[in-house]
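K.L.:
Below you'll find the structure I mean.
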Amino acid sequence: MVRVTSTEFAKNFGRYREEAQREPVAITSHGRTTGYFLSPHEFAELQRLRAYERRAYRIEELPEDVFEAIVDSRMDDRHAPLDALLDE
């Protein structure tokens with residue numbers, strides 16, 4: 001990943017815009033990373049992955065629709081042989 005100071009980034013924006021098409025560009029200020037410049041493709045991928053993020057709830061905070069989905073769920077019949085393993 002390319003790392004560049006914010007001053008360098010501002011002076012050569014066009015160069016780093018092109019670089020971001022190949023890989024994210026880390027922008028630093030006073031030695032610390034303050035942000036990243038990404039291609040539209042990378043950003044879309046980030047958004048897609050965030051949509052699939054796992055969510056965890058405390059039992060008392062469990063939304064009603066999630067609770068109902070759990071209650072209504074049923075094991076697929078193809079997995080019935082696994083029940084025998086629990087009986088051993």
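Residues in the structure tokens are numbered from 1 in each chain, the chains being A, B, ... in the order shown, and ligands are numbered from 1 in the order shown.
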Run DSSP on the backbone and tell me which residues of chain A come out as alpha helix (DSSP H); list them as a ChimeraX atom specification.
P.N.:
/A:6-11,13-19,40-51,64-72,80-87
K.L.:
Would you mind exporting the chosen residues as a PDB file, in the first residue's frame, restricted to C-alpha atoms?
P.N.:
ATOM      1  CA  SER A   6      -1.417  14.919   3.091  1.00  0.00           C
ATOM      2  CA  THR A   7       0.718  17.723   1.615  1.00  0.00           C
ATOM      3  CA  GLU A   8       2.156  15.415  -1.046  1.00  0.00           C
ATOM      4  CA  PHE A   9      -1.316  14.030  -1.745  1.00  0.00           C
ATOM      5  CA  ALA A  10      -2.752  17.528  -2.270  1.00  0.00           C
ATOM      6  CA  LYS A  11       0.109  18.618  -4.535  1.00  0.00           C
ATOM      7  CA  PHE A  13      -3.725  14.517  -6.498  1.00  0.00           C
ATOM      8  CA  GLY A  14      -3.883  13.298 -10.102  1.00  0.00           C
ATOM      9  CA  ARG A  15      -0.984  10.918  -9.581  1.00  0.00           C
ATOM     10  CA  TYR A  16      -2.531   9.387  -6.462  1.00  0.00           C
ATOM     11  CA  ARG A  17      -5.961   9.206  -8.069  1.00  0.00           C
ATOM     12  CA  GLU A  18      -4.396   6.930 -10.675  1.00  0.00           C
ATOM     13  CA  GLU A  19      -2.467   4.996  -8.018  1.00  0.00           C
ATOM     14  CA  PRO A  40     -14.731   3.076  -6.686  1.00  0.00           C
ATOM     15  CA  HIS A  41     -14.306  -0.698  -7.045  1.00  0.00           C
ATOM     16  CA  GLU A  42     -12.600  -1.010  -3.631  1.00  0.00           C
ATOM     17  CA  PHE A  43     -15.237   1.177  -1.998  1.00  0.00           C
ATOM     18  CA  ALA A  44     -18.077  -0.878  -3.525  1.00  0.00           C
ATOM     19  CA  GLU A  45     -16.421  -4.053  -2.231  1.00  0.00           C
ATOM     20  CA  LEU A  46     -16.168  -2.533   1.245  1.00  0.00           C
ATOM     21  CA  GLN A  47     -19.847  -1.619   1.166  1.00  0.00           C
ATOM     22  CA  ARG A  48     -20.762  -5.128  -0.027  1.00  0.00           C
ATOM     23  CA  LEU A  49     -18.800  -6.750   2.793  1.00  0.00           C
ATOM     24  CA  ARG A  50     -20.314  -4.445   5.384  1.00  0.00           C
ATOM     25  CA  ALA A  51     -23.773  -5.533   4.267  1.00  0.00           C
ATOM     26  CA  GLU A  64     -38.644  -9.475  17.318  1.00  0.00           C
ATOM     27  CA  ASP A  65     -38.207 -10.435  13.652  1.00  0.00           C
ATOM     28  CA  VAL A  66     -34.888 -12.145  14.390  1.00  0.00           C
ATOM     29  CA  PHE A  67     -36.421 -13.969  17.372  1.00  0.00           C
ATOM     30  CA  GLU A  68     -39.314 -15.186  15.223  1.00  0.00           C
ATOM     31  CA  ALA A  69     -36.940 -16.333  12.485  1.00  0.00           C
ATOM     32  CA  ILE A  70     -35.026 -18.412  15.031  1.00  0.00           C
ATOM     33  CA  VAL A  71     -38.198 -19.923  16.491  1.00  0.00           C
ATOM     34  CA  ASP A  72     -39.579 -20.752  13.025  1.00  0.00           C
ATOM     35  CA  ALA A  80     -31.242 -35.896  10.108  1.00  0.00           C
ATOM     36  CA  PRO A  81     -28.348 -38.423  10.408  1.00  0.00           C
ATOM     37  CA  LEU A  82     -26.513 -35.881  12.530  1.00  0.00           C
ATOM     38  CA  ASP A  83     -29.186 -36.247  15.221  1.00  0.00           C
ATOM     39  CA  ALA A  84     -27.958 -39.813  15.796  1.00  0.00           C
ATOM     40  CA  LEU A  85     -24.542 -38.442  16.709  1.00  0.00           C
ATOM     41  CA  LEU A  86     -26.113 -36.434  19.512  1.00  0.00           C
ATOM     42  CA  ASP A  87     -27.701 -39.574  20.957  1.00  0.00           C
TER      43      ASP A  87
END
K.L.:
Would you mind listing what lies within 7 Å of Thr5 of chain A as a list in words, with only C-alpha atoms counted and same-chain residues fewer than 5 positions away left out?
P.N.:
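Using only C-alpha atoms, the neighbours found are Ile27, Thr28 and Ser29 of chain A.
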K.L.:
May I have the residues from that selection written out with C-alpha atoms, as an mmCIF file, in the first residue's frame?
P.N.:
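File produced: again08.cif:
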data_model
loop_
_atom_site.group_PDB
_atom_site.id
_atom_site.type_symbol
_atom_site.label_atom_id
_atom_site.label_comp_id
_atom_site.auth_asym_id
_atom_site.auth_seq_id
_atom_site.Cartn_x
_atom_site.Cartn_y
_atom_site.Cartn_z
ATOM 1 C CA ILE A 27 -2.782 9.494 3.641
ATOM 2 C CA THR A 28 -0.724 10.547 6.650
ATOM 3 C CA SER A 29 -0.387 13.656 8.745
#
K.L.:
When distances are computed from only C-alpha atoms, which of A:Leu62, A:Leu38, A:Val25, A:Ala20 shows the smallest separation from Met1 of chain A?
P.N.:
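Selected residue with least distance to Met1 of chain A: A:Val25.
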K.L.:
Report, in Å with one decimal, the straight-line distance from atom CA of Tyr52 of chain A to atom CA of Pro24 of chain A.
P.N.:
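Atom CA of Tyr52 of chain A sits 21.7 Å away from atom CA of Pro24 of chain A.
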K.L.:
Which residue out of A:Asn12, A:Glu23, A:Arg54, A:His79 has the minimum interatomic distance to Tyr36 of chain A when only C-alpha atoms are used?
P.N.:
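With only C-alpha atoms as the atom set, the closest residue is A:Glu23.
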K.L.:
Return the single residue from A:Arg58, A:Arg78, A:Glu53, A:Val4 that is closest to His30 of chain A, with distances computed using only C-alpha atoms.
P.N.:
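Among A:Arg58, A:Arg78, A:Glu53, A:Val4, it is A:Val4 that comes nearest to His30 of chain A.
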K.L.:
Could you state the separation of atom CA of Pro63 of chain A and atom CA of Met75 of chain A in Å, given to one decimal place?
P.N.:
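About the pair atom CA of Pro63 of chain A and atom CA of Met75 of chain A: they are 21.9 Å apart.
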K.L.:
Could you pull out the residues in segment 15-77 of chain A that DSSP calls strand (DSSP E or B) from the backbone, as a list in words?
P.N.:
Val25, Ala26, Ile27, Thr28, Ser29, Arg32, Thr33, Thr34, Gly35, Tyr36 and Phe37 of chain A
K.L.:
Take the residues from that selection and write them out as a PDB file, in the first residue's frame, keeping N, CA and C atoms.
P.N.:
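Wrote it out as result_11.pdb, contents follow:
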ATOM      1  N   VAL A  25      -4.511   4.137  -1.190  1.00  0.00           N
ATOM      2  CA  VAL A  25      -3.448   5.072  -0.835  1.00  0.00           C
ATOM      3  C   VAL A  25      -3.719   5.559   0.589  1.00  0.00           C
ATOM      4  N   ALA A  26      -2.761   5.304   1.493  1.00  0.00           N
ATOM      5  CA  ALA A  26      -2.879   5.777   2.876  1.00  0.00           C
ATOM      6  C   ALA A  26      -2.372   7.211   2.938  1.00  0.00           C
ATOM      7  N   ILE A  27      -3.157   8.088   3.524  1.00  0.00           N
ATOM      8  CA  ILE A  27      -2.782   9.494   3.641  1.00  0.00           C
ATOM      9  C   ILE A  27      -2.416   9.753   5.093  1.00  0.00           C
ATOM     10  N   THR A  28      -1.218  10.328   5.297  1.00  0.00           N
ATOM     11  CA  THR A  28      -0.724  10.547   6.650  1.00  0.00           C
ATOM     12  C   THR A  28      -0.590  12.029   6.964  1.00  0.00           C
ATOM     13  N   SER A  29      -0.614  12.306   8.250  1.00  0.00           N
ATOM     14  CA  SER A  29      -0.387  13.656   8.745  1.00  0.00           C
ATOM     15  C   SER A  29       0.365  13.518  10.064  1.00  0.00           C
ATOM     16  N   ARG A  32       0.949   9.911  11.266  1.00  0.00           N
ATOM     17  CA  ARG A  32      -0.187   9.030  11.550  1.00  0.00           C
ATOM     18  C   ARG A  32      -1.103   8.953  10.337  1.00  0.00           C
ATOM     19  N   THR A  33      -1.623   7.777  10.070  1.00  0.00           N
ATOM     20  CA  THR A  33      -2.577   7.615   8.971  1.00  0.00           C
ATOM     21  C   THR A  33      -3.879   8.293   9.361  1.00  0.00           C
ATOM     22  N   THR A  34      -4.346   9.207   8.505  1.00  0.00           N
ATOM     23  CA  THR A  34      -5.582   9.937   8.792  1.00  0.00           C
ATOM     24  C   THR A  34      -6.712   9.564   7.849  1.00  0.00           C
ATOM     25  N   GLY A  35      -6.415   8.802   6.803  1.00  0.00           N
ATOM     26  CA  GLY A  35      -7.452   8.384   5.873  1.00  0.00           C
ATOM     27  C   GLY A  35      -6.883   7.559   4.742  1.00  0.00           C
ATOM     28  N   TYR A  36      -7.780   7.092   3.906  1.00  0.00           N
ATOM     29  CA  TYR A  36      -7.395   6.274   2.753  1.00  0.00           C
ATOM     30  C   TYR A  36      -8.131   6.776   1.518  1.00  0.00           C
ATOM     31  N   PHE A  37      -7.480   6.711   0.394  1.00  0.00           N
ATOM     32  CA  PHE A  37      -8.084   7.064  -0.886  1.00  0.00           C
ATOM     33  C   PHE A  37      -8.245   5.756  -1.648  1.00  0.00           C
TER      34      PHE A  37
END
